[in-house]
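Just below is one structure, and these are the notes that go with it.
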2 protein chains.
Amino acid sequence: MTARRPESEPCTDAAAARPAERTRDADRTRAEILAVATAEFADRGYAGARVNEIAEKLSTTKRMIYYYFGGKEQLYVAVLEQAYGRIRALEQQVDVEHLEPVAAIRELAGLTFDHHEAHPEFIRLVSIENIHRAAHLAGSPALAGLADPAVDVLGAILRRGRDDELFRDDVDALDVHQVISAFCVFRTANRHTFRAIFDRDMLDPATRAHQRKLLGDLVVAHLTAR
Amino acid sequence: MTARRPESEPCTDAAAARPAERTRDADRTRAEILAVATAEFADRGYAGARVNEIAEKLSTTKRMIYYYFGGKEQLYVAVLEQAYGRIRALEQQVDVEHLEPVAAIRELAGLTFDHHEAHPEFIRLVSIENIHRAAHLAGSPALAGLADPAVDVLGAILRRGRDDELFRDDVDALDVHQVISAFCVFRTANRHTFRAIFDRDMLDPATRAHQRKLLGDLVVAHLTAR
DNA sequence: TCGGTAACTCACCACTTGGTACATAAGAGG
DNA sequence: CCTCTTATGTACCAAGTGGTGAGTTACCGA
């Protein structure tokens, strides 16, 4: 909100703002609360996270959480909004227009794969939000209906693949996205129960390349079948 | 845990256990607590579920929860154990030996699909358990390492398919199981965020047949590729 | 019929929870 | 230099939290 970075005045305290000088800075305090809260909510879920614990891990006090966010629930929504915002920003950088359809699909699936693997705390927040039936997500005007840009990219690739008669012409882009998401999300979201039962760590670096290829093979096989 | 089903003695109370006669019955009380607790934990997560709430929805009192289970955490573990036990029992009834490989794979995938769709509260418990990094599952001797029988069935089908030169010979059974699970679990586990963002209800009955076929196509295409 | 024990009830508690009233200090601006 | 707003810290609370002490009743076996 209050966007004022300490870049305006190059006087002494502004430059010395990076060590442990306890100057007043609303943006820094807000950001710190969000960072700690994100870790805490992702780690323990909404109900499991404790405002007091978040406060203890802060260089400021609990009072500030209520000052800036109003309450536990609003803080959680702010965490969700920030997390989704960052992920969307990353996703919009995907560029596979220059590749031929099969390579483009493999690349898109691979990037999604990398992406999910690199942001486990985001996947956890999504799982947690699903436990709550997406009540907060649906209630946030900043988030509801904000479709993933990856689907548009996917649609364009499928069209090109169809035009080149490489892909089937009866495959829906959102279906393909669902398959890719399912595979990528599952690896992180169900990592622990899967390991406990099958003794396979789906995130083991040793099998990463294999899993990444598996996803590509799967999608390409489906698109090029028959 | 304590596996004592009322099958041992066919005396009066075992048969008369159905109306609202407030007789004393340890098994019935235990079962009721487990049923209510299952619903409550699946609905709100471990931390979000309240022992007091569970007690209020019981025809007995909170004290009985502690009498039979010892505490909230042990109750949760008992809920997990019962839920996994029931799912495993169902899965062991799968019989696709008589089908030819491609049909068998389609059938197995389809049954898994049906299965997950029919037990959303189980999927929720699994999600919740993953949030806790499967700490309870791993700590339960009754559950840890108790591999899904579906994987063995899958392995047998793959072997037959390879022998008939219908399937590729470099596909791992657990990989295929992972793909099937991912697809089926995702539909339920991420239903709400997916709907909020893409406006698609993955569990909409109108698209059920399409989704079921999609999974079969996907797996078969992968196994028969090239 | 008559214990003895398993099943059950009720009132209660120590502690944690999210949340807040109130005092205060740091700066920006005049 | 003063003042007024914004940011921050301290102390505290009422409602709920998981958990229990201690007594009471139903029922089975002898």
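A note on labels: chains of the structure tokens are A, B, ... as shown, every chain counts residues from 1, and ligands are counted from 1 in their shown order.
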
Could you give me, as a Markdown table, every chain B residue with an atom at most 9 Å from chain C, plus its closest atom pair and distance in Å to one decimal, counting only C-alpha atoms (C1' of nucleotides), rows ordered by chain then number?
```
| residue | atom | partner | partner_atom | distance |
| --- | --- | --- | --- | --- |
| B:Arg24 | CA | C:DA7 | C1' | 6.6 |
| B:Asp25 | CA | C:DA7 | C1' | 7.8 |
| B:Ala26 | CA | C:DA7 | C1' | 7.1 |
| B:Thr60 | CA | C:DC8 | C1' | 8.3 |
| B:Thr61 | CA | C:DT9 | C1' | 7.6 |
| B:Arg63 | CA | C:DT9 | C1' | 8.4 |
| B:Met64 | CA | C:DC8 | C1' | 7.6 |
```

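The two identical-sequence chains, chain B and chain A, differ by a C-alpha RMSD of 1.6 Å after optimal least-squares superposition.
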
>> Using only C-alpha atoms (C1' of nucleotides), I'd like every residue of chain D that has an atom within 9 Å of chain B; please write them out as a list of chain:residue names.
In response: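 The selection requested is D:DT17, D:DG18, D:DG19, D:DT20, D:DA26, D:DC27.
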
For a quick test of understanding: name the residues of chain B lying within 7 Å of chain A when counting only C-alpha atoms, and present them as a PDB file with N, CA, C and O atoms, in the first residue's frame.
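The resulting file, result_6.pdb, is reproduced below:
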```
ATOM      1  N   ARG B  44     -12.076 -29.773   9.007  1.00  0.00           N
ATOM      2  CA  ARG B  44     -11.367 -28.586   9.506  1.00  0.00           C
ATOM      3  C   ARG B  44      -9.876 -28.758   9.712  1.00  0.00           C
ATOM      4  O   ARG B  44      -9.214 -27.836  10.177  1.00  0.00           O
ATOM      5  N   ALA B  47      -5.602 -29.144  13.521  1.00  0.00           N
ATOM      6  CA  ALA B  47      -5.632 -28.030  14.463  1.00  0.00           C
ATOM      7  C   ALA B  47      -6.994 -27.350  14.490  1.00  0.00           C
ATOM      8  O   ALA B  47      -7.431 -26.869  15.530  1.00  0.00           O
ATOM      9  N   GLY B  48      -7.665 -27.325  13.336  1.00  0.00           N
ATOM     10  CA  GLY B  48      -8.955 -26.644  13.258  1.00  0.00           C
ATOM     11  C   GLY B  48     -10.083 -27.407  13.930  1.00  0.00           C
ATOM     12  O   GLY B  48     -11.048 -26.803  14.399  1.00  0.00           O
ATOM     13  N   ARG B 124      -9.205 -35.644   1.718  1.00  0.00           N
ATOM     14  CA  ARG B 124      -8.972 -34.498   2.597  1.00  0.00           C
ATOM     15  C   ARG B 124      -8.065 -34.881   3.761  1.00  0.00           C
ATOM     16  O   ARG B 124      -7.160 -34.134   4.130  1.00  0.00           O
ATOM     17  N   SER B 127      -4.584 -35.012   2.492  1.00  0.00           N
ATOM     18  CA  SER B 127      -4.048 -33.659   2.329  1.00  0.00           C
ATOM     19  C   SER B 127      -3.612 -33.090   3.668  1.00  0.00           C
ATOM     20  O   SER B 127      -2.529 -32.519   3.817  1.00  0.00           O
ATOM     21  N   ASN B 130      -0.517 -34.601   4.923  1.00  0.00           N
ATOM     22  CA  ASN B 130       0.657 -34.084   4.229  1.00  0.00           C
ATOM     23  C   ASN B 130       1.087 -32.722   4.763  1.00  0.00           C
ATOM     24  O   ASN B 130       2.277 -32.418   4.796  1.00  0.00           O
ATOM     25  N   ILE B 131       0.112 -31.925   5.163  1.00  0.00           N
ATOM     26  CA  ILE B 131       0.450 -30.642   5.786  1.00  0.00           C
ATOM     27  C   ILE B 131       1.306 -30.889   7.026  1.00  0.00           C
ATOM     28  O   ILE B 131       2.225 -30.140   7.326  1.00  0.00           O
ATOM     29  N   ARG B 133       3.327 -33.254   7.280  1.00  0.00           N
ATOM     30  CA  ARG B 133       4.485 -34.014   6.810  1.00  0.00           C
ATOM     31  C   ARG B 133       4.388 -35.492   7.176  1.00  0.00           C
ATOM     32  O   ARG B 133       5.387 -36.151   7.461  1.00  0.00           O
ATOM     33  N   ALA B 134       3.166 -35.999   7.183  1.00  0.00           N
ATOM     34  CA  ALA B 134       2.913 -37.422   7.429  1.00  0.00           C
ATOM     35  C   ALA B 134       3.516 -37.920   8.744  1.00  0.00           C
ATOM     36  O   ALA B 134       3.857 -39.086   8.886  1.00  0.00           O
ATOM     37  N   ALA B 138       3.612 -41.859   9.518  1.00  0.00           N
ATOM     38  CA  ALA B 138       4.920 -42.491   9.639  1.00  0.00           C
ATOM     39  C   ALA B 138       5.104 -43.097  11.032  1.00  0.00           C
ATOM     40  O   ALA B 138       5.802 -44.088  11.203  1.00  0.00           O
ATOM     41  N   ALA B 144       2.504 -47.191   8.223  1.00  0.00           N
ATOM     42  CA  ALA B 144       3.730 -46.899   7.487  1.00  0.00           C
ATOM     43  C   ALA B 144       4.163 -48.087   6.636  1.00  0.00           C
ATOM     44  O   ALA B 144       4.197 -49.222   7.102  1.00  0.00           O
ATOM     45  N   GLY B 145       4.462 -47.829   5.377  1.00  0.00           N
ATOM     46  CA  GLY B 145       4.976 -48.867   4.508  1.00  0.00           C
ATOM     47  C   GLY B 145       3.943 -49.853   4.019  1.00  0.00           C
ATOM     48  O   GLY B 145       4.264 -50.797   3.304  1.00  0.00           O
ATOM     49  N   LEU B 146       2.693 -49.602   4.348  1.00  0.00           N
ATOM     50  CA  LEU B 146       1.626 -50.504   3.924  1.00  0.00           C
ATOM     51  C   LEU B 146       1.219 -50.157   2.497  1.00  0.00           C
ATOM     52  O   LEU B 146       0.229 -49.486   2.263  1.00  0.00           O
ATOM     53  N   ALA B 147       1.994 -50.647   1.543  1.00  0.00           N
ATOM     54  CA  ALA B 147       1.826 -50.212   0.157  1.00  0.00           C
ATOM     55  C   ALA B 147       0.463 -50.566  -0.413  1.00  0.00           C
ATOM     56  O   ALA B 147      -0.165 -51.556  -0.049  1.00  0.00           O
ATOM     57  N   VAL B 179       1.096 -41.346 -11.628  1.00  0.00           N
ATOM     58  CA  VAL B 179       0.346 -40.523 -12.583  1.00  0.00           C
ATOM     59  C   VAL B 179      -1.157 -40.651 -12.340  1.00  0.00           C
ATOM     60  O   VAL B 179      -1.883 -39.650 -12.277  1.00  0.00           O
ATOM     61  N   ALA B 182      -2.052 -38.989  -9.037  1.00  0.00           N
ATOM     62  CA  ALA B 182      -1.963 -37.535  -9.148  1.00  0.00           C
ATOM     63  C   ALA B 182      -3.229 -36.980  -9.778  1.00  0.00           C
ATOM     64  O   ALA B 182      -3.840 -36.041  -9.260  1.00  0.00           O
ATOM     65  N   PHE B 183      -3.625 -37.578 -10.876  1.00  0.00           N
ATOM     66  CA  PHE B 183      -4.818 -37.101 -11.577  1.00  0.00           C
ATOM     67  C   PHE B 183      -6.053 -37.213 -10.687  1.00  0.00           C
ATOM     68  O   PHE B 183      -6.825 -36.259 -10.552  1.00  0.00           O
ATOM     69  N   PHE B 186      -5.814 -34.968  -7.420  1.00  0.00           N
ATOM     70  CA  PHE B 186      -5.878 -33.541  -7.743  1.00  0.00           C
ATOM     71  C   PHE B 186      -7.318 -33.064  -7.924  1.00  0.00           C
ATOM     72  O   PHE B 186      -7.679 -31.988  -7.453  1.00  0.00           O
ATOM     73  N   ALA B 189      -8.652 -32.943  -4.303  1.00  0.00           N
ATOM     74  CA  ALA B 189      -7.869 -32.157  -3.344  1.00  0.00           C
ATOM     75  C   ALA B 189      -7.806 -30.681  -3.731  1.00  0.00           C
ATOM     76  O   ALA B 189      -7.796 -29.807  -2.867  1.00  0.00           O
ATOM     77  N   ASN B 190      -7.733 -30.412  -5.033  1.00  0.00           N
ATOM     78  CA  ASN B 190      -7.583 -29.024  -5.473  1.00  0.00           C
ATOM     79  C   ASN B 190      -8.836 -28.494  -6.141  1.00  0.00           C
ATOM     80  O   ASN B 190      -8.796 -27.516  -6.881  1.00  0.00           O
ATOM     81  N   HIS B 192     -11.369 -26.822  -5.103  1.00  0.00           N
ATOM     82  CA  HIS B 192     -11.892 -25.493  -4.795  1.00  0.00           C
ATOM     83  C   HIS B 192     -11.049 -24.360  -5.352  1.00  0.00           C
ATOM     84  O   HIS B 192     -11.581 -23.402  -5.897  1.00  0.00           O
ATOM     85  N   THR B 193      -9.731 -24.461  -5.216  1.00  0.00           N
ATOM     86  CA  THR B 193      -8.909 -23.394  -5.801  1.00  0.00           C
ATOM     87  C   THR B 193      -8.997 -23.439  -7.320  1.00  0.00           C
ATOM     88  O   THR B 193      -9.023 -22.392  -7.972  1.00  0.00           O
ATOM     89  N   ALA B 196     -12.131 -21.770  -8.315  1.00  0.00           N
ATOM     90  CA  ALA B 196     -12.085 -20.324  -8.086  1.00  0.00           C
ATOM     91  C   ALA B 196     -11.281 -19.626  -9.180  1.00  0.00           C
ATOM     92  O   ALA B 196     -11.604 -18.510  -9.581  1.00  0.00           O
ATOM     93  N   ILE B 197     -10.259 -20.297  -9.670  1.00  0.00           N
ATOM     94  CA  ILE B 197      -9.375 -19.650 -10.637  1.00  0.00           C
ATOM     95  C   ILE B 197      -9.804 -19.888 -12.078  1.00  0.00           C
ATOM     96  O   ILE B 197      -9.797 -18.973 -12.894  1.00  0.00           O
ATOM     97  N   PHE B 198     -10.186 -21.128 -12.396  1.00  0.00           N
ATOM     98  CA  PHE B 198     -10.498 -21.451 -13.793  1.00  0.00           C
ATOM     99  C   PHE B 198     -11.988 -21.612 -14.052  1.00  0.00           C
ATOM    100  O   PHE B 198     -12.396 -21.897 -15.174  1.00  0.00           O
ATOM    101  N   ASP B 199     -12.770 -21.484 -13.014  1.00  0.00           N
ATOM    102  CA  ASP B 199     -14.214 -21.621 -13.146  1.00  0.00           C
ATOM    103  C   ASP B 199     -14.589 -22.997 -13.704  1.00  0.00           C
ATOM    104  O   ASP B 199     -15.520 -23.122 -14.495  1.00  0.00           O
ATOM    105  N   ASP B 217      -7.204 -42.516 -21.526  1.00  0.00           N
ATOM    106  CA  ASP B 217      -6.484 -42.168 -22.758  1.00  0.00           C
ATOM    107  C   ASP B 217      -5.035 -41.815 -22.463  1.00  0.00           C
ATOM    108  O   ASP B 217      -4.108 -42.244 -23.147  1.00  0.00           O
ATOM    109  N   LEU B 218      -4.886 -41.002 -21.432  1.00  0.00           N
ATOM    110  CA  LEU B 218      -3.571 -40.519 -21.052  1.00  0.00           C
ATOM    111  C   LEU B 218      -2.618 -41.668 -20.752  1.00  0.00           C
ATOM    112  O   LEU B 218      -1.508 -41.744 -21.292  1.00  0.00           O
ATOM    113  N   ALA B 221      -2.091 -44.028 -23.838  1.00  0.00           N
ATOM    114  CA  ALA B 221      -1.231 -43.369 -24.838  1.00  0.00           C
ATOM    115  C   ALA B 221       0.230 -43.452 -24.416  1.00  0.00           C
ATOM    116  O   ALA B 221       1.112 -43.731 -25.224  1.00  0.00           O
ATOM    117  N   HIS B 222       0.461 -43.245 -23.133  1.00  0.00           N
ATOM    118  CA  HIS B 222       1.836 -43.288 -22.635  1.00  0.00           C
ATOM    119  C   HIS B 222       2.427 -44.694 -22.726  1.00  0.00           C
ATOM    120  O   HIS B 222       3.579 -44.875 -23.126  1.00  0.00           O
ATOM    121  N   ALA B 225       2.982 -45.680 -26.542  1.00  0.00           N
ATOM    122  CA  ALA B 225       3.640 -44.692 -27.405  1.00  0.00           C
ATOM    123  C   ALA B 225       4.808 -45.306 -28.184  1.00  0.00           C
ATOM    124  O   ALA B 225       5.461 -46.232 -27.715  1.00  0.00           O
TER     125      ALA B 225
END
```

>> Report as a ChimeraX atom specification all protein, DNA and RNA residues lying within 12 Å of Pro149 of chain B, evaluated on only C-alpha atoms (C1' of nucleotides), omitting residues in the same chain fewer than 3 positions from it.
In response: /A:197-198 /B:85,87-95,108,112,145-146,152-156,173-174,177

> Near segment 102-106 of chain B, within 7 Å and counting only C-alpha atoms (C1' of nucleotides), which residues show up once chain neighbours fewer than 6 positions away are dropped, as a PyMOL selection string?
Replying inline: chain B and resi 96+157+216+220

File of the preceding selection, all heavy atoms, as a tab-separated table (two decimals), in the first residue's frame:
```tsv
chain	number	residue	atom	x	y	z
B	96	VAL	N	-8.92	-57.44	-12.31
B	96	VAL	CA	-8.86	-57.13	-13.74
B	96	VAL	C	-8.01	-58.17	-14.47
B	96	VAL	O	-7.61	-57.96	-15.61
B	96	VAL	CB	-8.27	-55.72	-13.98
B	96	VAL	CG1	-9.22	-54.66	-13.46
B	96	VAL	CG2	-6.92	-55.59	-13.31
B	157	ILE	N	-0.34	-56.23	-14.81
B	157	ILE	CA	-0.91	-55.82	-16.12
B	157	ILE	C	0.21	-55.38	-17.07
B	157	ILE	O	0.23	-55.78	-18.24
B	157	ILE	CB	-1.92	-54.68	-15.95
B	157	ILE	CG1	-3.07	-55.10	-15.04
B	157	ILE	CG2	-2.46	-54.25	-17.30
B	157	ILE	CD1	-4.00	-53.97	-14.68
B	216	GLY	N	-7.90	-42.49	-18.77
B	216	GLY	CA	-7.60	-43.74	-19.48
B	216	GLY	C	-6.79	-43.48	-20.73
B	216	GLY	O	-5.75	-44.14	-20.97
B	220	VAL	N	-2.97	-44.98	-21.36
B	220	VAL	CA	-2.80	-45.90	-22.48
B	220	VAL	C	-1.89	-45.30	-23.54
B	220	VAL	O	-1.00	-45.98	-24.07
B	220	VAL	CB	-4.17	-46.30	-23.08
B	220	VAL	CG1	-3.98	-47.05	-24.39
B	220	VAL	CG2	-4.96	-47.15	-22.09
```
